[in-house]
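Asker: Handing you a structure now.
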Amino acid sequence: MIKLNIKTHKQTEMLDITGEVQEQINQAGINTGLITVFIPHTTAGITINEGADPDVQRDMLMEINKIVPFQDGYRHAEGNSAAHIKASLFGSSVQVICENGRLQLGTWQSIYFCEFDGPRSRHAWIQY
Amino acid sequence: MIKLNIKTHKQTEMLDITGEVQEQINQAGINTGLITVFIPHTTAGITINEGADPDVQRDMLMEINKIVPFQDGYRHAEGNSAAHIKASLFGSSVQVICENGRLQLGTWQSIYFCEFDGPRSRHAWIQY
Amino acid sequence: MIKLNIKTHKQTEMLDITGEVQEQINQAGINTGLITVFIPHTTAGITINEGADPDVQRDMLMEINKIVPFQDGYRHAEGNSAAHIKASLFGSSVQVICENGRLQLGTWQSIYFCEFDGPRSRHAWIQY
């Protein structure tokens with residue numbers, strides 16, 4: 001298992017970690033197989049989505065924050081129930097195929113760490 | 001493949017199955033690798049989220065039942081379309097890294113079987 | 001990696017690809033293990049859900065299109081931000097256990113390619 005450190009800067013944020021994941025794969029000398037990136041947090045998730053236009057990430061966060069409001073009569077005393085729900089809707093891991101040492105992603109795809117209760121120091125775990 | 005029996009008790013419910021999954025891993029003598037827990041149902045799902053405060057599960061169910069109402073002009077005659085949608089939003093499998101025979105989860109993480117159309121007798125399948 | 005070609009016919013559509021995935025597994029002579037089906041797109045996803053009553057797919061699409069409206073003050077110039085969000089909510093890959101050459105799915109489960117910005121020519125990648 002490879003551990004990645006991630007620093008988030010906002011309350012909700014999508015951070016492109018494709019480059020870091022690829023770099024770890026290079027360093028580990030991984031060639032071919034399935035890579036899993038797992039998020040060991042309950043108020044952050046991970047997803048694969050468009051890496052070209054930053055407006056996509058802006059729209060995605062705007063809309064998920066509207067679908068799951070920050071305040072909605074939640075009981076959890078920490079006040080971050082919305083972040084827990086968003087984490088489960090986006091999911092805690094992604095799978096990416098690796099061939100000849102390269103992550104196989106579609107033309108527009110990037111891997112995003114999804115912060116829903118930041119800013120914080122976070123982690124991602126890579127398994128192959 | 002290891003088969004797990006699960007009994008749910010409410011219409012919507014998040015059941016912590018971390019202990020049962022760990023026990024099956026112990027019994028199978030699994031040491032290191034990636035574990036997949038797969039749910040063979042279409043009105044139940046699986047997720048990884050906070051295992052400490054039961055209010056988190058309560059808030060998550062309250063909110064997902066609000067986002068996807070039980071009744072909303074659905075056509076499916078069985079009357080459980082909302083459960084089908086929730087199952088797809090949460091997902092049908094989770095991946096967890098295993099090292100030295102122990103599931104590697106974040107401090108606050110538990111594995112939850114998510115019942116969206118109970119109570120029922122359910123199953124989870126573990127593959128390693 | 002096995003590449004599957006998929007042709008979608010509507011703006012939003014759930015296409016049952018279970019048969020094609022099983023056929024590729026037969027042709028590749030895969031016997032036992034975990035199969036990953038990965039979608040290399042950012043406005044389409046994949047899910048496992050009911051394959052019996054077409055009304056379930058109809059209800060699922062009707063409801064997700066209501067939860068994530070096509071227009072909602074999005075900034076992304078291409079006008080398909082809703083599709084990007086739906087893709088992340090459904091997810092970019094599914095895992096299915098394979099035993100003796102057969103996909104192990106629950107009684108009612110089928111694998112669905114989920115088009116959220118069609119119609120288009122699409123792909124699915126199978127890794128084992």
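In the structure tokens, each chain is lettered A, B, ... as it comes, each chain's residues begin at 1, and ligands are numbered from 1 in order of appearance.
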Could you list the residues in chain A lying within 12 Å of chain C, using only C-alpha atoms, and format the result as number ranges by chain?
Answerer: A: 14, 32-36, 45-68, 85-100, 103-112, 114
Asker: DSSP on the backbone, alpha helix (DSSP H) only: what residues of segment 16-116 of chain A does that give? Format it as number ranges by chain.
Answerer: A: 18-28, 54-67, 81-90
Asker: Running DSSP on the backbone, which parts of chain C land in strand (DSSP E or B), as a short mmCIF file (atom, residue, chain, number, x, y, z; two decimals) with C-alpha atoms, in the first residue's frame?
Answerer:
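Wrote it out as result_26.cif, contents follow:
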```cif
data_model
loop_
_atom_site.label_atom_id
_atom_site.label_comp_id
_atom_site.auth_asym_id
_atom_site.auth_seq_id
_atom_site.Cartn_x
_atom_site.Cartn_y
_atom_site.Cartn_z
CA ILE C 2 -10.98 -5.80 -23.38
CA LYS C 3 -12.69 -2.91 -25.20
CA LEU C 4 -16.45 -2.89 -25.75
CA ASN C 5 -18.21 -0.55 -28.21
CA ILE C 6 -21.53 0.87 -27.08
CA LYS C 7 -24.01 2.94 -29.12
CA GLU C 13 -30.44 5.91 -21.15
CA MET C 14 -29.62 2.76 -19.18
CA LEU C 15 -28.30 0.03 -21.50
CA ASP C 16 -28.08 -3.55 -20.23
CA GLY C 33 -11.73 -13.92 -10.23
CA LEU C 34 -12.91 -10.35 -10.03
CA ILE C 35 -13.97 -8.52 -13.20
CA THR C 36 -13.89 -4.72 -13.36
CA VAL C 37 -15.92 -2.86 -15.97
CA PHE C 38 -14.59 0.70 -16.35
CA ALA C 44 -21.65 8.48 -18.63
CA GLY C 45 -21.44 6.01 -15.77
CA ILE C 46 -22.08 2.39 -14.89
CA THR C 47 -24.28 0.66 -12.33
CA ILE C 48 -25.75 -2.70 -11.37
CA ASN C 49 -29.53 -2.72 -10.93
CA GLU C 50 -32.73 -4.57 -11.82
CA SER C 93 -16.66 1.27 -12.56
CA VAL C 94 -18.35 -1.85 -11.18
CA GLN C 95 -16.83 -5.05 -9.82
CA VAL C 96 -18.37 -8.44 -10.49
CA ILE C 97 -17.18 -11.80 -9.21
CA CYS C 98 -16.64 -14.49 -11.88
CA GLU C 99 -16.77 -18.23 -11.06
CA ARG C 102 -19.90 -17.13 -15.24
CA LEU C 103 -20.56 -13.62 -13.88
CA GLN C 104 -21.96 -14.00 -10.37
CA GLN C 109 -29.13 -7.86 -11.22
CA SER C 110 -27.94 -6.63 -14.62
CA ILE C 111 -24.96 -4.42 -15.52
CA TYR C 112 -26.05 -1.08 -17.02
CA PHE C 113 -24.08 1.40 -19.08
CA CYS C 114 -25.59 4.75 -18.03
CA GLU C 115 -25.71 7.43 -20.72
CA SER C 121 -20.66 6.24 -29.51
CA ARG C 122 -19.25 5.05 -26.19
CA HIS C 123 -16.87 2.47 -24.74
CA ALA C 124 -16.50 0.19 -21.73
CA TRP C 125 -13.21 -1.40 -20.72
CA ILE C 126 -13.13 -4.81 -19.04
CA GLN C 127 -10.19 -5.76 -16.81
#
```
Asker: Please, what distance in Å, to one decimal, runs between atom CA of Thr8 of chain C and atom CA of Pro119 of chain C?
Answerer: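 Those two atoms sit 5.0 Å apart.
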Asker: Measure the distance from atom CA of Thr18 of chain C to atom CA of Asp117 of chain C in Å and round it to one decimal.
Answerer: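 Calculated distance between atom CA of Thr18 of chain C and atom CA of Asp117 of chain C is 21.3 Å.
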